[in-house]
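Notes follow the structure.
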Amino acid sequence: MKNSLRHFLFSLIFFFFCTYLTAQNFSIKAILTDNKDEKIPFATATLWRVADSTLMKYNISKEDGTIIFDNLTANTYQIKIQMQGFDGFKTENILVDKDIDLGKITLKSSETALETVEIKAKKELIEVYPDKIVFNTESSIAAAGTNAFELLRKAPGIVIDNNDNIVLQGKPTNRIYIDGRPSPLTGKDLADYLKTINSTDIEAIELITQPSSKYDASGNAGIINIRFKKNKNLGTNGSFNIGFNYGKYARYNGGLTLNHRTEKASYFANYSPRIAQDYGFLNLDRTQQIYRFDQTSQSVFNNNAHNLRAGADFFLHKKHTLGIGITANINDSKGITNSNTNISAAIPSTLMSSDVLRAKNENNSQRFNGNFNVNYRFADTLGRSLEADVNIGRYQNNRNIYQPNTYISSFPPSLSEQNYRMITPTNISLWNAKIDYAQKLGKGKMEAGIKFAIVTTDNNFRFFDVNNGMDVLNLEKTNFFSYAENVNAAYFNYQIKIKKWEMQAGLRAEQTNSKGTLVAEQAINNKVVKREYIDFFPSFGVSYNHNKNNSFGLRYSRRIERPNYQDLNPFESRLDELNYQKGNPFLNPQYTQSMEVSHNYKYTLNTSLSYGITNGFFAQVTDTTQTTKSVMTTQNFGSQSVWNLSIGAPLEIKKWWNMYMNVNFSHSNYFANFGQNRLIDRQIQSFNFYAQHTFSLPKKFTFEVSGFYTSPSIWAGVYRTKSLGNVDIALQKKFWNDNANIKITFADVFFTMPWRAVNEFSGLYINGTGGSDSRQIRLNFSYSFGNKQVKTIKQRKTGSEDERNRL
């Protein structure tokens with residue numbers, strides 16, 4: 001496999017080199033001046049091919065007024081020039097069969113002089129494209145003062161379940177990309193990280209439900225990409241923001257962004273801290289055999305988080321760009337969870353005493369998540385491009401948990417204690433490299449590429465019995481788990497447009513080599529799980545533009561979801577002595593096939609119907625052990641199938657009243673057979689609704705009302721959830737020439753965000769509810785400063801999307 005990939009890479013580079021050498025390219029040069037012979041910088045120029053009126057290239061004049069179009073093939077062209085304060089200009093037809101120097105082009109001043117021109121453009125809240133939906137969060141007032149995790153709740157088609165898992169179009173997903181790179185985190189660690197990202201740093205959330213073969217095959221529900229703000233203006237500019245939230249406790253957030261761009265390079269840096277007391281509650285009423293356990297718990301975590309992003313792009317030549325970037329997240333967390341469990345007979349009886357278990361978890365953790373990226377891009381005017389990326393990442397989590405368990409018995413009166421300490425350092429390293437090449441082929445465009453990824457994880461779990469203040473190592477429960485994974489991938493994709501039809505087809509191959517090793521203090525418990533497999537992932541899409549008002553699409557893809565690294569880790573995570581969660585080193589990947597048909601009306605109303613079936617579905621199964629204890633673990637379910645109908649549209653009701661609405665209807669079926677009396681066969685119809693109303697008021701005030709509702713559904717295949725939702729109201733005022741604004745939000749007005757769920761499986765009954773202090777007052781101030789001259793920088797993906805998402 002490695003030899004074949006090496007040959008493929010050599011062939012790809014050789015093909016690119018040969019095509020490049022055989023092309024004959026020419027250029028057109030000119031200098032723009034006014035009627036006083038002063039040079040005109042930053043004028044917009046477009047190059048058009050005369051034969052078919054095709055726009056070939058876009059450019060901006062330099063500070064000395066020069067403008068160059070290079071890498072042109074022999075043909076006849078025309079140049080059109082636009083500049084504020086001057087009349088439009090276009091050249092005569094230019095026959096290019098050699099390098100052309102047009103000399104000076106003098107632009108005539110407009111007869112209407114404008115002392116001040118202010119151009120304002122506001123993005124739509126939702127933008128619908130053939131391959132994705134973009135949720136422009138900066139267009140939402142209520143988004144200010146919150147975090148990335150809460151923003152996902154507002155995105156169309158996304159539901160956050162009762163365990164902070166993300167569900168896209170009825171299917172759970174952990175494929176979260178950050179600026180085109182996959183996050184290395186999953187599960188609770190992913191949720192905790194997203195909660196540290198300030199909403200004011202986010203530009204948009206992209207939802208890609210049917211990715212092409214160019215993307216990593218992981219993610220059974222598709223890809224969610226969180227795109228940070230990155231200023232695209234020439235010169236020096238920046239922004240500053242500060243926020244305050246208050247629910248049950250106070251939270252503070254802020255941010256500073258600086259950008260500097262010249263014609264040779266672009267630099268950016270962002271720092272955003274979050275200091276907060278986060279509150280949560282969890283209530284579980286559990287009946288198991290002859291016992292009833294009625295548990296209530298409350299948690300308060302003091303989080304001190306810091307996010308840093310910095311990078312630079314160097315424009316070596318019009319065709320060559322070199323970039324570097326770093327991201328870092330540091331979170332120091334100290335929390336206490338107090339739980340109280342009343343233990344009694346499931347059927348009231350005088351023969352059984354009523355006991356109480358009190359547990360106080362002291363949880364101290366220090367997390368670090370960092371990534372370094374270097375990238376190169378080549379692109380010419382002939383449609384050829386070559387992109388290369390190398391990523392190095394590191395994730396560390398040092399956790400120390402002290403858990404005293406105190407039993408109080410009423411008959412006979414007695415008191416006993418069982419105290420534990422768990423020290424669980426986790427270290428994950430990742431490295432990957434990828435190359436993507438694209439060029440015109442026939443009447444279409446071909447894309448091909450390769451990727452190599454290596455991930456290693458080390459998890460050291462030390463379990464101590466605490467006796468008389470002394471930590472004594474428990475040899476039966478202490479172990480070391482390591483996991484190494486290598487994924488090699490290659491893909492080919494072809495796109496073509498024929499009149500009103502546009503087609504895309506591709507194939508991706510991924511070879512996976514993995515090895516999980518459990519080394520216990522008692523060698524009898526040692527385990528080694530080794531896997532080697534190759535998978536092929538086809539994808540295709542067809543779209544038909546019937547007319548300017550109607551377009552139709554059909555898309556298919558096959559995808560894989562590999563287990564999260566922590567889900568493979570067999571360590572125990574305890575709420576108290578009677579409830580704990582552990583990983584499963586024998587967990588297999590799950591595979592999903594999905595088909596989607598869509599219709600778009602006037603580029604606003606978007607309707608899609610999709611069907612997906614997942615084999616080996618990851619389910620969170622809660623089972624019984626040792627009569628009185630329950631354990632939750634991830635297991636491969638039999639199958640999950642989901643039908644989903646999605647309808648969404650932005651509407652302008654009045655010029656001062658805009659609305660966005662999205663509705664999702666789902667039919668889900670879960671089937672699994674875990675043995676005698678352990679059969680699961682469940683079906684449910686559910687829907688969720690999101691709407692946002694924005695009102696433009698006098699004096700630069702804006703008022704917003706937004707909310708969502710999620711009907712009863714099924715979580716993780718076994719839990720039947722109740723309905724939940726929320727309503728937010730927000731007010732914004734702009735001032736200082738629109739460079740500053742202040743926003744106030746009342747979140748979860750009716751306190752309807754807490755979840756409720758019931759589980760009945762294998763003789764176990766659980767009725768649970770949980771949530772946070774979601775009803776909050778949020779106040780946010782932001783200010784922008786610096787140059788406003790626009791020049792676009794293309795956002796790029798870096799290739800670490802998959803591995804960083806599974807940490």
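Ligands are numbered from 1 in the order shown, chains are lettered A, B, ... in the order of the structure tokens, and residues start at 1 in each chain.
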Would you tabulate, counting only C-alpha atoms, all residues of stretch 301-362 of chain A that have an atom at most 12 Å from an atom of stretch 612-636 of chain A, showing the closest pair of atoms and their distance in Å to one decimal, sorted by chain then ascending number, as a tab-separated table?
residue	atom	partner	partner_atom	distance
A:Ile343	CA	A:Thr628	CA	9.7
A:Ser344	CA	A:Thr628	CA	11.2
A:Ala345	CA	A:Thr628	CA	11.6
A:Ala346	CA	A:Thr628	CA	11.9
Within 12 Å of A:Asp471, counting only C-alpha atoms, which residues qualify if same-chain residues fewer than 2 places away don't, as a PDB file with all heavy atoms, in the first residue's frame?
ATOM      1  N   TYR A 402     -10.766  13.470  43.369  1.00  0.00           N
ATOM      2  CA  TYR A 402     -10.910  12.884  44.705  1.00  0.00           C
ATOM      3  C   TYR A 402     -12.391  12.715  44.986  1.00  0.00           C
ATOM      4  O   TYR A 402     -13.181  13.655  44.846  1.00  0.00           O
ATOM      5  CB  TYR A 402     -10.268  13.786  45.758  1.00  0.00           C
ATOM      6  CG  TYR A 402     -10.508  13.315  47.171  1.00  0.00           C
ATOM      7  CD1 TYR A 402     -10.041  12.070  47.605  1.00  0.00           C
ATOM      8  CD2 TYR A 402     -11.207  14.102  48.082  1.00  0.00           C
ATOM      9  CE1 TYR A 402     -10.265  11.631  48.901  1.00  0.00           C
ATOM     10  CE2 TYR A 402     -11.434  13.675  49.382  1.00  0.00           C
ATOM     11  CZ  TYR A 402     -10.959  12.434  49.781  1.00  0.00           C
ATOM     12  OH  TYR A 402     -11.187  12.000  51.071  1.00  0.00           O
ATOM     13  N   ASN A 419     -13.510   5.995  50.191  1.00  0.00           N
ATOM     14  CA  ASN A 419     -12.956   7.151  49.503  1.00  0.00           C
ATOM     15  C   ASN A 419     -11.941   6.721  48.432  1.00  0.00           C
ATOM     16  O   ASN A 419     -11.155   5.777  48.653  1.00  0.00           O
ATOM     17  CB  ASN A 419     -12.286   8.098  50.499  1.00  0.00           C
ATOM     18  CG  ASN A 419     -13.252   8.536  51.598  1.00  0.00           C
ATOM     19  OD1 ASN A 419     -14.458   8.645  51.351  1.00  0.00           O
ATOM     20  ND2 ASN A 419     -12.741   8.776  52.803  1.00  0.00           N
ATOM     21  N   TYR A 420     -11.967   7.430  47.316  1.00  0.00           N
ATOM     22  CA  TYR A 420     -11.093   7.064  46.188  1.00  0.00           C
ATOM     23  C   TYR A 420     -10.420   8.314  45.614  1.00  0.00           C
ATOM     24  O   TYR A 420     -10.926   9.432  45.734  1.00  0.00           O
ATOM     25  CB  TYR A 420     -11.895   6.395  45.066  1.00  0.00           C
ATOM     26  CG  TYR A 420     -12.779   5.258  45.512  1.00  0.00           C
ATOM     27  CD1 TYR A 420     -14.176   5.379  45.479  1.00  0.00           C
ATOM     28  CD2 TYR A 420     -12.231   4.060  45.978  1.00  0.00           C
ATOM     29  CE1 TYR A 420     -14.992   4.350  45.881  1.00  0.00           C
ATOM     30  CE2 TYR A 420     -13.043   3.022  46.389  1.00  0.00           C
ATOM     31  CZ  TYR A 420     -14.420   3.164  46.349  1.00  0.00           C
ATOM     32  OH  TYR A 420     -15.235   2.138  46.758  1.00  0.00           O
ATOM     33  N   ARG A 421      -9.303   8.077  44.946  1.00  0.00           N
ATOM     34  CA  ARG A 421      -8.646   9.121  44.146  1.00  0.00           C
ATOM     35  C   ARG A 421      -8.263   8.512  42.802  1.00  0.00           C
ATOM     36  O   ARG A 421      -7.749   7.393  42.734  1.00  0.00           O
ATOM     37  CB  ARG A 421      -7.399   9.685  44.836  1.00  0.00           C
ATOM     38  CG  ARG A 421      -6.755  10.838  44.027  1.00  0.00           C
ATOM     39  CD  ARG A 421      -5.490  11.352  44.701  1.00  0.00           C
ATOM     40  NE  ARG A 421      -5.728  11.780  46.066  1.00  0.00           N
ATOM     41  CZ  ARG A 421      -6.245  12.958  46.408  1.00  0.00           C
ATOM     42  NH1 ARG A 421      -6.595  13.820  45.453  1.00  0.00           N
ATOM     43  NH2 ARG A 421      -6.429  13.279  47.667  1.00  0.00           N
ATOM     44  N   MET A 422      -8.519   9.267  41.728  1.00  0.00           N
ATOM     45  CA  MET A 422      -8.174   8.827  40.372  1.00  0.00           C
ATOM     46  C   MET A 422      -7.299   9.886  39.705  1.00  0.00           C
ATOM     47  O   MET A 422      -7.708  11.050  39.600  1.00  0.00           O
ATOM     48  CB  MET A 422      -9.446   8.582  39.552  1.00  0.00           C
ATOM     49  CG  MET A 422     -10.244   7.369  40.012  1.00  0.00           C
ATOM     50  SD  MET A 422     -12.012   7.474  39.615  1.00  0.00           S
ATOM     51  CE  MET A 422     -12.619   8.516  40.950  1.00  0.00           C
ATOM     52  N   ILE A 423      -6.121   9.496  39.292  1.00  0.00           N
ATOM     53  CA  ILE A 423      -5.198  10.391  38.591  1.00  0.00           C
ATOM     54  C   ILE A 423      -5.072   9.873  37.155  1.00  0.00           C
ATOM     55  O   ILE A 423      -4.620   8.741  36.940  1.00  0.00           O
ATOM     56  CB  ILE A 423      -3.824  10.444  39.281  1.00  0.00           C
ATOM     57  CG1 ILE A 423      -3.995  10.979  40.713  1.00  0.00           C
ATOM     58  CG2 ILE A 423      -2.863  11.325  38.497  1.00  0.00           C
ATOM     59  CD1 ILE A 423      -2.699  11.010  41.510  1.00  0.00           C
ATOM     60  N   ARG A 462      -4.439   5.709  37.210  1.00  0.00           N
ATOM     61  CA  ARG A 462      -4.029   5.227  38.527  1.00  0.00           C
ATOM     62  C   ARG A 462      -5.190   5.422  39.500  1.00  0.00           C
ATOM     63  O   ARG A 462      -5.673   6.543  39.689  1.00  0.00           O
ATOM     64  CB  ARG A 462      -2.790   5.968  39.014  1.00  0.00           C
ATOM     65  CG  ARG A 462      -1.510   5.536  38.281  1.00  0.00           C
ATOM     66  CD  ARG A 462      -0.327   6.381  38.679  1.00  0.00           C
ATOM     67  NE  ARG A 462      -0.436   7.733  38.156  1.00  0.00           N
ATOM     68  CZ  ARG A 462       0.335   8.742  38.550  1.00  0.00           C
ATOM     69  NH1 ARG A 462       1.242   8.560  39.489  1.00  0.00           N
ATOM     70  NH2 ARG A 462       0.190   9.942  38.015  1.00  0.00           N
ATOM     71  N   PHE A 463      -5.605   4.311  40.107  1.00  0.00           N
ATOM     72  CA  PHE A 463      -6.765   4.300  41.018  1.00  0.00           C
ATOM     73  C   PHE A 463      -6.251   4.030  42.435  1.00  0.00           C
ATOM     74  O   PHE A 463      -5.540   3.052  42.670  1.00  0.00           O
ATOM     75  CB  PHE A 463      -7.753   3.227  40.589  1.00  0.00           C
ATOM     76  CG  PHE A 463      -9.071   3.293  41.299  1.00  0.00           C
ATOM     77  CD1 PHE A 463     -10.160   3.898  40.692  1.00  0.00           C
ATOM     78  CD2 PHE A 463      -9.232   2.753  42.577  1.00  0.00           C
ATOM     79  CE1 PHE A 463     -11.391   3.961  41.340  1.00  0.00           C
ATOM     80  CE2 PHE A 463     -10.449   2.817  43.227  1.00  0.00           C
ATOM     81  CZ  PHE A 463     -11.537   3.424  42.604  1.00  0.00           C
ATOM     82  N   PHE A 464      -6.635   4.914  43.370  1.00  0.00           N
ATOM     83  CA  PHE A 464      -6.165   4.801  44.752  1.00  0.00           C
ATOM     84  C   PHE A 464      -7.352   4.649  45.700  1.00  0.00           C
ATOM     85  O   PHE A 464      -8.377   5.331  45.551  1.00  0.00           O
ATOM     86  CB  PHE A 464      -5.379   6.052  45.161  1.00  0.00           C
ATOM     87  CG  PHE A 464      -4.128   6.290  44.358  1.00  0.00           C
ATOM     88  CD1 PHE A 464      -4.174   7.024  43.177  1.00  0.00           C
ATOM     89  CD2 PHE A 464      -2.897   5.795  44.778  1.00  0.00           C
ATOM     90  CE1 PHE A 464      -3.028   7.260  42.435  1.00  0.00           C
ATOM     91  CE2 PHE A 464      -1.743   6.023  44.047  1.00  0.00           C
ATOM     92  CZ  PHE A 464      -1.807   6.756  42.867  1.00  0.00           C
ATOM     93  N   ASP A 465      -7.223   3.762  46.673  1.00  0.00           N
ATOM     94  CA  ASP A 465      -8.109   3.747  47.835  1.00  0.00           C
ATOM     95  C   ASP A 465      -7.510   4.689  48.873  1.00  0.00           C
ATOM     96  O   ASP A 465      -6.310   4.617  49.174  1.00  0.00           O
ATOM     97  CB  ASP A 465      -8.211   2.330  48.418  1.00  0.00           C
ATOM     98  CG  ASP A 465      -8.837   1.367  47.429  1.00  0.00           C
ATOM     99  OD1 ASP A 465      -9.894   1.684  46.865  1.00  0.00           O
ATOM    100  OD2 ASP A 465      -8.239   0.279  47.199  1.00  0.00           O
ATOM    101  N   VAL A 466      -8.331   5.587  49.382  1.00  0.00           N
ATOM    102  CA  VAL A 466      -7.841   6.559  50.362  1.00  0.00           C
ATOM    103  C   VAL A 466      -8.265   6.101  51.757  1.00  0.00           C
ATOM    104  O   VAL A 466      -9.456   6.109  52.095  1.00  0.00           O
ATOM    105  CB  VAL A 466      -8.383   7.970  50.056  1.00  0.00           C
ATOM    106  CG1 VAL A 466      -7.839   8.971  51.079  1.00  0.00           C
ATOM    107  CG2 VAL A 466      -8.026   8.388  48.642  1.00  0.00           C
ATOM    108  N   ASN A 467      -7.284   5.675  52.534  1.00  0.00           N
ATOM    109  CA  ASN A 467      -7.531   5.180  53.889  1.00  0.00           C
ATOM    110  C   ASN A 467      -6.789   6.061  54.883  1.00  0.00           C
ATOM    111  O   ASN A 467      -5.562   6.211  54.815  1.00  0.00           O
ATOM    112  CB  ASN A 467      -7.050   3.730  54.031  1.00  0.00           C
ATOM    113  CG  ASN A 467      -7.767   2.798  53.059  1.00  0.00           C
ATOM    114  OD1 ASN A 467      -8.966   2.959  52.815  1.00  0.00           O
ATOM    115  ND2 ASN A 467      -7.035   1.840  52.503  1.00  0.00           N
ATOM    116  N   ASN A 468      -7.566   6.677  55.788  1.00  0.00           N
ATOM    117  CA  ASN A 468      -6.977   7.542  56.822  1.00  0.00           C
ATOM    118  C   ASN A 468      -6.082   8.622  56.216  1.00  0.00           C
ATOM    119  O   ASN A 468      -4.977   8.903  56.710  1.00  0.00           O
ATOM    120  CB  ASN A 468      -6.186   6.694  57.831  1.00  0.00           C
ATOM    121  CG  ASN A 468      -7.060   5.694  58.546  1.00  0.00           C
ATOM    122  OD1 ASN A 468      -8.202   5.994  58.912  1.00  0.00           O
ATOM    123  ND2 ASN A 468      -6.531   4.480  58.747  1.00  0.00           N
ATOM    124  N   GLY A 469      -6.514   9.167  55.098  1.00  0.00           N
ATOM    125  CA  GLY A 469      -5.766  10.249  54.466  1.00  0.00           C
ATOM    126  C   GLY A 469      -4.594   9.780  53.625  1.00  0.00           C
ATOM    127  O   GLY A 469      -3.869  10.614  53.058  1.00  0.00           O
ATOM    128  N   LEU A 473      -2.416   2.501  46.253  1.00  0.00           N
ATOM    129  CA  LEU A 473      -2.659   2.113  44.871  1.00  0.00           C
ATOM    130  C   LEU A 473      -3.468   0.821  44.799  1.00  0.00           C
ATOM    131  O   LEU A 473      -3.125  -0.182  45.410  1.00  0.00           O
ATOM    132  CB  LEU A 473      -1.332   1.928  44.135  1.00  0.00           C
ATOM    133  CG  LEU A 473      -1.420   1.664  42.628  1.00  0.00           C
ATOM    134  CD1 LEU A 473      -1.975   2.893  41.906  1.00  0.00           C
ATOM    135  CD2 LEU A 473      -0.048   1.292  42.056  1.00  0.00           C
ATOM    136  N   ASN A 474      -4.570   0.865  44.038  1.00  0.00           N
ATOM    137  CA  ASN A 474      -5.418  -0.312  43.832  1.00  0.00           C
ATOM    138  C   ASN A 474      -4.942  -1.016  42.553  1.00  0.00           C
ATOM    139  O   ASN A 474      -5.165  -0.535  41.446  1.00  0.00           O
ATOM    140  CB  ASN A 474      -6.882   0.112  43.694  1.00  0.00           C
ATOM    141  CG  ASN A 474      -7.834  -1.062  43.663  1.00  0.00           C
ATOM    142  OD1 ASN A 474      -7.594  -2.055  42.984  1.00  0.00           O
ATOM    143  ND2 ASN A 474      -8.941  -0.950  44.390  1.00  0.00           N
TER     144      ASN A 474
END
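The nearest approach to A:Thr710 among the residues A:Ala505, A:Ala250, A:Val167, A:Ala379, with only C-alpha atoms taken into account, belongs to A:Val167.
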- Could you work out how far atom CA of A:Tyr611 lies from atom CA of A:Ser641, giving the answer in Å with one decimal? 7.4 Å
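Each of A:Ala757, A:Leu72, A:Ala310, A:Ile742 was compared to A:Pro712 using only C-alpha atoms, and A:Ala757 turns out to be the nearest.
Using only C-alpha atoms, the nearest neighbour of A:Leu316 within the list A:Tyr271, A:Phe537, A:Phe378, A:Phe42 is A:Phe378.
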- Near-A:Thr341 list (8 Å; only C-alpha atoms; drop same-chain fewer than 3 positions) as a PyMOL selection string: chain A and resi 293-296+356-358
Output file for the residues above (N, CA, C and O atoms, as a PDB file, in the first residue's frame):
ATOM      1  N   PHE A 293     -32.752   3.937  43.435  1.00  0.00           N
ATOM      2  CA  PHE A 293     -31.699   4.899  43.730  1.00  0.00           C
ATOM      3  C   PHE A 293     -32.146   6.262  43.179  1.00  0.00           C
ATOM      4  O   PHE A 293     -32.188   6.467  41.965  1.00  0.00           O
ATOM      5  N   ASP A 294     -32.488   7.173  44.071  1.00  0.00           N
ATOM      6  CA  ASP A 294     -32.960   8.501  43.687  1.00  0.00           C
ATOM      7  C   ASP A 294     -31.827   9.497  43.932  1.00  0.00           C
ATOM      8  O   ASP A 294     -31.568   9.898  45.066  1.00  0.00           O
ATOM      9  N   GLN A 295     -31.173   9.883  42.844  1.00  0.00           N
ATOM     10  CA  GLN A 295     -29.949  10.684  42.955  1.00  0.00           C
ATOM     11  C   GLN A 295     -30.163  12.101  42.448  1.00  0.00           C
ATOM     12  O   GLN A 295     -30.747  12.323  41.383  1.00  0.00           O
ATOM     13  N   THR A 296     -29.674  13.076  43.194  1.00  0.00           N
ATOM     14  CA  THR A 296     -29.628  14.467  42.753  1.00  0.00           C
ATOM     15  C   THR A 296     -28.178  14.950  42.878  1.00  0.00           C
ATOM     16  O   THR A 296     -27.494  14.611  43.848  1.00  0.00           O
ATOM     17  N   VAL A 356     -28.624   6.486  52.600  1.00  0.00           N
ATOM     18  CA  VAL A 356     -28.268   7.669  51.806  1.00  0.00           C
ATOM     19  C   VAL A 356     -26.787   7.584  51.468  1.00  0.00           C
ATOM     20  O   VAL A 356     -25.951   7.294  52.341  1.00  0.00           O
ATOM     21  N   LEU A 357     -26.467   7.806  50.177  1.00  0.00           N
ATOM     22  CA  LEU A 357     -25.069   7.879  49.735  1.00  0.00           C
ATOM     23  C   LEU A 357     -24.775   9.316  49.352  1.00  0.00           C
ATOM     24  O   LEU A 357     -25.446   9.891  48.490  1.00  0.00           O
ATOM     25  N   ARG A 358     -23.790   9.900  50.003  1.00  0.00           N
ATOM     26  CA  ARG A 358     -23.348  11.250  49.679  1.00  0.00           C
ATOM     27  C   ARG A 358     -21.934  11.193  49.117  1.00  0.00           C
ATOM     28  O   ARG A 358     -21.043  10.605  49.729  1.00  0.00           O
TER      29      ARG A 358
END
